[in-house]
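Written out below as structure tokens is the structure these notes cover.
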Amino acid sequence: MVLSMGPQHPSTHGVLQIVLEIDSENVVKADPEIGYLHTGIEKTAEGLFWTQAQTVIERMDYLAPSSNALCYTLGVEKLLGITDRIPPRAQIIRVLAMELTRIASHCVWLGTHGIDLGAISVFFYCFDLRENVLDLQEASGGARMHPNYMRVGGVNGDLPQGYVEKLDALIEKFPGRMRELRGLLQANPIFQDRTIDVGVLTPDEAVQWGVTGPSLRASGIAYDVRKAFPYTGYETYDFETPTRTEGDAYARFLVRLDEMEESMRIIAQARKRLDTPGPVMIDDSKVALPPKETIALSMEALIHHFKLISEGFRVPPGDVYQSIESPRGELGYYIVSNGENRPYRIRTRPPSLYNLQALKGIAPGNFIADLVVMIGSLDPVFGEVDR
Amino acid sequence: MPSTQSPPISGAAIDPPSLRPPIEDAVVERVAPAQLRARLEALRADGYAMLLDLGAVDYLQREPRFDVVYHLLRLAPRAASVAEIGTPARVRVLCGVAPGEHLPSVMDLWKSADWAEREVYDLFGIEFDGHADLRRIQMPDDWEGHPLRKDYPMRGPDRDRSPRPSFANKSNVVAGTPPSGRTFEALQEEVKRARES
């Protein structure tokens, strides 16, 4: 029998349709049908300035917007050849934003994964924690969901007053909240029954399907872009890459929880470095807006301001592949410039797309109820899968 | 059909990226479509176990018009620690394709090529020979044109803005007999027989 699950099914985390061929309760074949959220972001970006394109690109992975923005800006900076001139404080703030967004994203994953399995209360604990992170995002970028805080050349303005105190409070609160989250699920016999040995990805299969991120590391391969191809100063931070060898949904759950704690370790290290003041934007008026106070005094500043706002900056011709470790895996942008003030082509390597594709490999032979667990444990975000 | 907004094609055609020195430390290769399959097989045998990404770029005024871009990662397909992985090698393979020209599918080498090739087919109209299920993936099945081509208007073709019948085609229940042969009717029949006996 052929049954269609979704695209309005509550456990499909958005708009995923799975065409299931079932034999009573067993899945014989699962064929995910995507594209319901296709909004043509890559096409839209081709018609915008380099800076404007970042705004739509941030909407791809809406649970971790800063990771998209950072990956894109790093790629553009490489094309401009200014990678080495990004101020250290901007790099610290970028790392901070990245790890905060990872925690916020994993909170949504854990909360909804819990709900899929009937553990409603986990959701409230997770969203309470996420709320603290969103407060910080709002303080720094001005918006909760899409802060658009990254800029080519640095970040948009220094951290506001009171930010560091809020961050300290979060660092203080975090270990207790993690203990509670672990207490709710980790040793929970129902949760273990539903996730252990479910959706096993062998290392070989995971690599074949192009799975990256926590899902790959749960299969025993410790490939982490932050370690393999360090960017924005990750090589100077001390952190581990949590790895498991079981490859099942429970291993992916444990890896993500460990990863949240490692993220907090990085945040604590970045917090210490924040005490040193400094510029947060590159001192290059071809790329960065001049300080507002100089505009009334300097003709050059006024000209640069006008030029950057009205026609943006131009990027030398070339192509570049930049990747970062987003909460879901290796997020990459293949950016092509033809020397104009708009990107010629931006190709995304969406981690969710490749991770979700592995469902075709792991679903057959399992129950429909386990399919829900597998989707949840792969953590797809459909803004990114469909773009 | 003329559209309300022309696509922003600005400037002359740009050089093939492979002719310029690479900006990053990735290895960049350019192969002809005829040699593509052999080159990728060689790379696969060389330990490039992960196909990171497969995309395409449309250089409208250039010959050949399209570039299909493969990003490969050398990764051992077995458990390994951070230290063992180190900095894995990454390679970019570019392949120029003329409109209407077909490329060999690499789905059998890397399973992850499945959706990526479908996406390139959907958005650029480049066909892959040997792909098991080459159909549209992002756009509705009855869509006309390939949106990421540079000559495709930014806002889509001019058309009636009423609800599109194409959404109805992505129907919720797929009819027909599944390959296993067990239809709903057959199942009902089985249940009936079981109840009677």
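Just remember, in the structure tokens the first chain shown is A, the second B, etc., residues are 1-based per chain, and ligands are 1-based in the order shown.
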Contact check, chain A to chain B, at most 8 Å, counting only C-alpha atoms, closest pairs as a tab-separated table:
```
residue	atom	partner	partner_atom	distance
A:Met1	CA	B:Thr183	CA	5.1
A:Val2	CA	B:Pro178	CA	6.3
A:Leu3	CA	B:Val173	CA	6.3
A:Ser4	CA	B:Val173	CA	5.3
A:Met5	CA	B:Asn172	CA	7.9
A:Gly6	CA	B:Asn172	CA	7.5
A:Pro7	CA	B:Asn172	CA	7.9
A:Val19	CA	B:Val174	CA	7.7
A:Glu21	CA	B:Pro178	CA	7.1
A:Asp23	CA	B:Arg182	CA	7.7
A:Glu33	CA	B:Ile137	CA	7.5
A:Ile34	CA	B:Ile137	CA	6.5
A:Gly35	CA	B:Gln138	CA	4.0
A:Tyr36	CA	B:Gln138	CA	7.3
A:His38	CA	B:Gln138	CA	6.0
A:Glu42	CA	B:Leu148	CA	7.9
A:Lys43	CA	B:Leu148	CA	6.0
A:Thr44	CA	B:Met154	CA	7.2
A:Glu46	CA	B:Pro8	CA	7.7
A:Gly47	CA	B:Pro8	CA	6.1
A:Lys78	CA	B:Ile23	CA	7.1
A:Leu79	CA	B:Ile23	CA	7.1
A:Pro203	CA	B:Arg78	CA	5.1
A:Asp204	CA	B:Pro77	CA	4.5
A:Glu205	CA	B:Pro77	CA	7.9
A:Val207	CA	B:Met50	CA	5.5
A:Gln208	CA	B:Trp110	CA	5.4
A:Trp209	CA	B:Ser112	CA	4.4
A:Gly210	CA	B:Ser112	CA	5.5
A:Ser219	CA	B:Ala79	CA	7.1
A:Gly220	CA	B:Ala79	CA	4.4
A:Ile221	CA	B:Ala79	CA	4.7
A:Ala222	CA	B:Ser81	CA	5.1
A:Tyr223	CA	B:Val82	CA	6.4
A:Asp224	CA	B:Val82	CA	7.7
A:Lys227	CA	B:Val82	CA	7.4
A:Ala228	CA	B:Thr87	CA	4.6
A:Phe229	CA	B:Thr87	CA	6.4
A:Thr241	CA	B:Val82	CA	7.3
A:Thr245	CA	B:Ala79	CA	7.2
A:Pro317	CA	B:Ile14	CA	7.6
A:Gly318	CA	B:Pro17	CA	5.9
A:Asp319	CA	B:Pro17	CA	6.2
A:Val320	CA	B:Ile23	CA	6.7
A:Tyr321	CA	B:Glu24	CA	7.9
A:Asn338	CA	B:Ile14	CA	5.7
A:Glu340	CA	B:Gly11	CA	7.3
A:Arg345	CA	B:Val57	CA	6.7
A:Arg347	CA	B:Gly55	CA	6.6
A:Arg349	CA	B:Asp53	CA	5.9
A:Tyr354	CA	B:Ser112	CA	6.5
A:Gln357	CA	B:Ser112	CA	7.2
A:Asp386	CA	B:Gln138	CA	6.5
```
Just list as a ChimeraX atom specification whatever in region 133-324 of chain A DSSP marks as alpha helix (DSSP H).
/A:133-141,163-185,189-195,203-208,214-217,225-228,249-273,299-311
Report the distance between CA of Pro87 (chain A) and CA of Glu131 (chain A) in Å, rounded to one decimal place.
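Taking CA of Pro87 (chain A) as the start and CA of Glu131 (chain A) as the end point, the length is 29.3 Å.
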Env of Gly100 (chain B): 10 Å cut, atoms = only C-alpha atoms, seq-sep filter 5 positions within chain, self excluded. Answer as a PDB file with N, CA and C atoms, in the first residue's frame.
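Produced file out.pdb, reproduced below:
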```pdb
ATOM      1  N   GLY B 125      18.134  22.484 -16.197  1.00  0.00           N
ATOM      2  CA  GLY B 125      17.779  21.722 -17.389  1.00  0.00           C
ATOM      3  C   GLY B 125      18.910  20.887 -17.946  1.00  0.00           C
ATOM      4  N   ILE B 126      19.910  20.555 -17.111  1.00  0.00           N
ATOM      5  CA  ILE B 126      20.994  19.686 -17.568  1.00  0.00           C
ATOM      6  C   ILE B 126      20.609  18.252 -17.209  1.00  0.00           C
ATOM      7  N   GLU B 127      20.632  17.373 -18.201  1.00  0.00           N
ATOM      8  CA  GLU B 127      20.184  16.001 -17.938  1.00  0.00           C
ATOM      9  C   GLU B 127      21.359  15.089 -17.618  1.00  0.00           C
TER      10      GLU B 127
END
```
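Distance annotation: of A:Gln322, A:Tyr163, A:Gly383, A:Ile266, the residue with the minimal separation from Glu235 (chain A) is A:Ile266; atom set is only C-alpha atoms.
Nearest residue to His146 (chain A), choosing from A:Pro242, A:Pro350, A:Pro65, A:Gly247 and counting only C-alpha atoms: A:Pro65.
In terms of minimum interatomic distance to Val95 (chain A), A:Ser67 ranks closest within A:Ser121, A:Gln17, A:Ser67, A:Thr276, counting only C-alpha atoms.
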Taking only region 122-226 of chain A into account, list the residues labelled strand (DSSP E) by DSSP (computed from the backbone), as an MDAnalysis selection string.
chainID A and resid 150:151 154:155
Just give me the gap between CA of Pro380 (chain A) and CA of Asn355 (chain A) in Å, one decimal is fine.
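Computing the Euclidean distance for CA of Pro380 (chain A) and CA of Asn355 (chain A) yields 7.3 Å.
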So that I can see what lies close to Ala301 (chain A), please list as a compact mmCIF listing (two decimals) with C-alpha atoms, in the first residue's frame the residues with an atom at most 10 Å from it, counting only C-alpha atoms and leaving out residues fewer than 5 positions away in the same chain.
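Writing done, so here's out_27.txt:
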```
# COMPACT_ATOMS: atom_id res chain seq x y z
CA SER A 285 35.88 52.42 3.35
CA LEU A 289 30.44 52.19 5.97
CA PRO A 290 32.45 55.08 7.47
CA PRO A 291 31.60 55.98 11.08
CA LYS A 292 28.46 58.12 11.18
CA GLU A 293 30.14 61.01 13.00
CA THR A 294 32.75 61.49 10.25
CA ILE A 295 30.16 62.00 7.51
CA ALA A 296 29.46 65.64 8.36
CA PHE A 306 26.71 57.44 -0.64
CA LYS A 307 28.46 54.97 -2.95
```
Please measure the separation of CA of Ala369 (chain A) and CA of Arg194 (chain A), giving the value in Å to one decimal.
9.0 Å
Would you list the contacts of region 133-135 of chain B as a list of chain:residue names, taking every protein, DNA or RNA residue within 9 Å and counting only C-alpha atoms, but skipping same-chain residues closer than 4 positions in sequence?
B:Asp114, B:Trp115, B:Glu117, B:Arg118, B:Glu119, B:Tyr121, B:Asp122, B:Glu127, B:Phe128, B:Asp129, B:Asp141
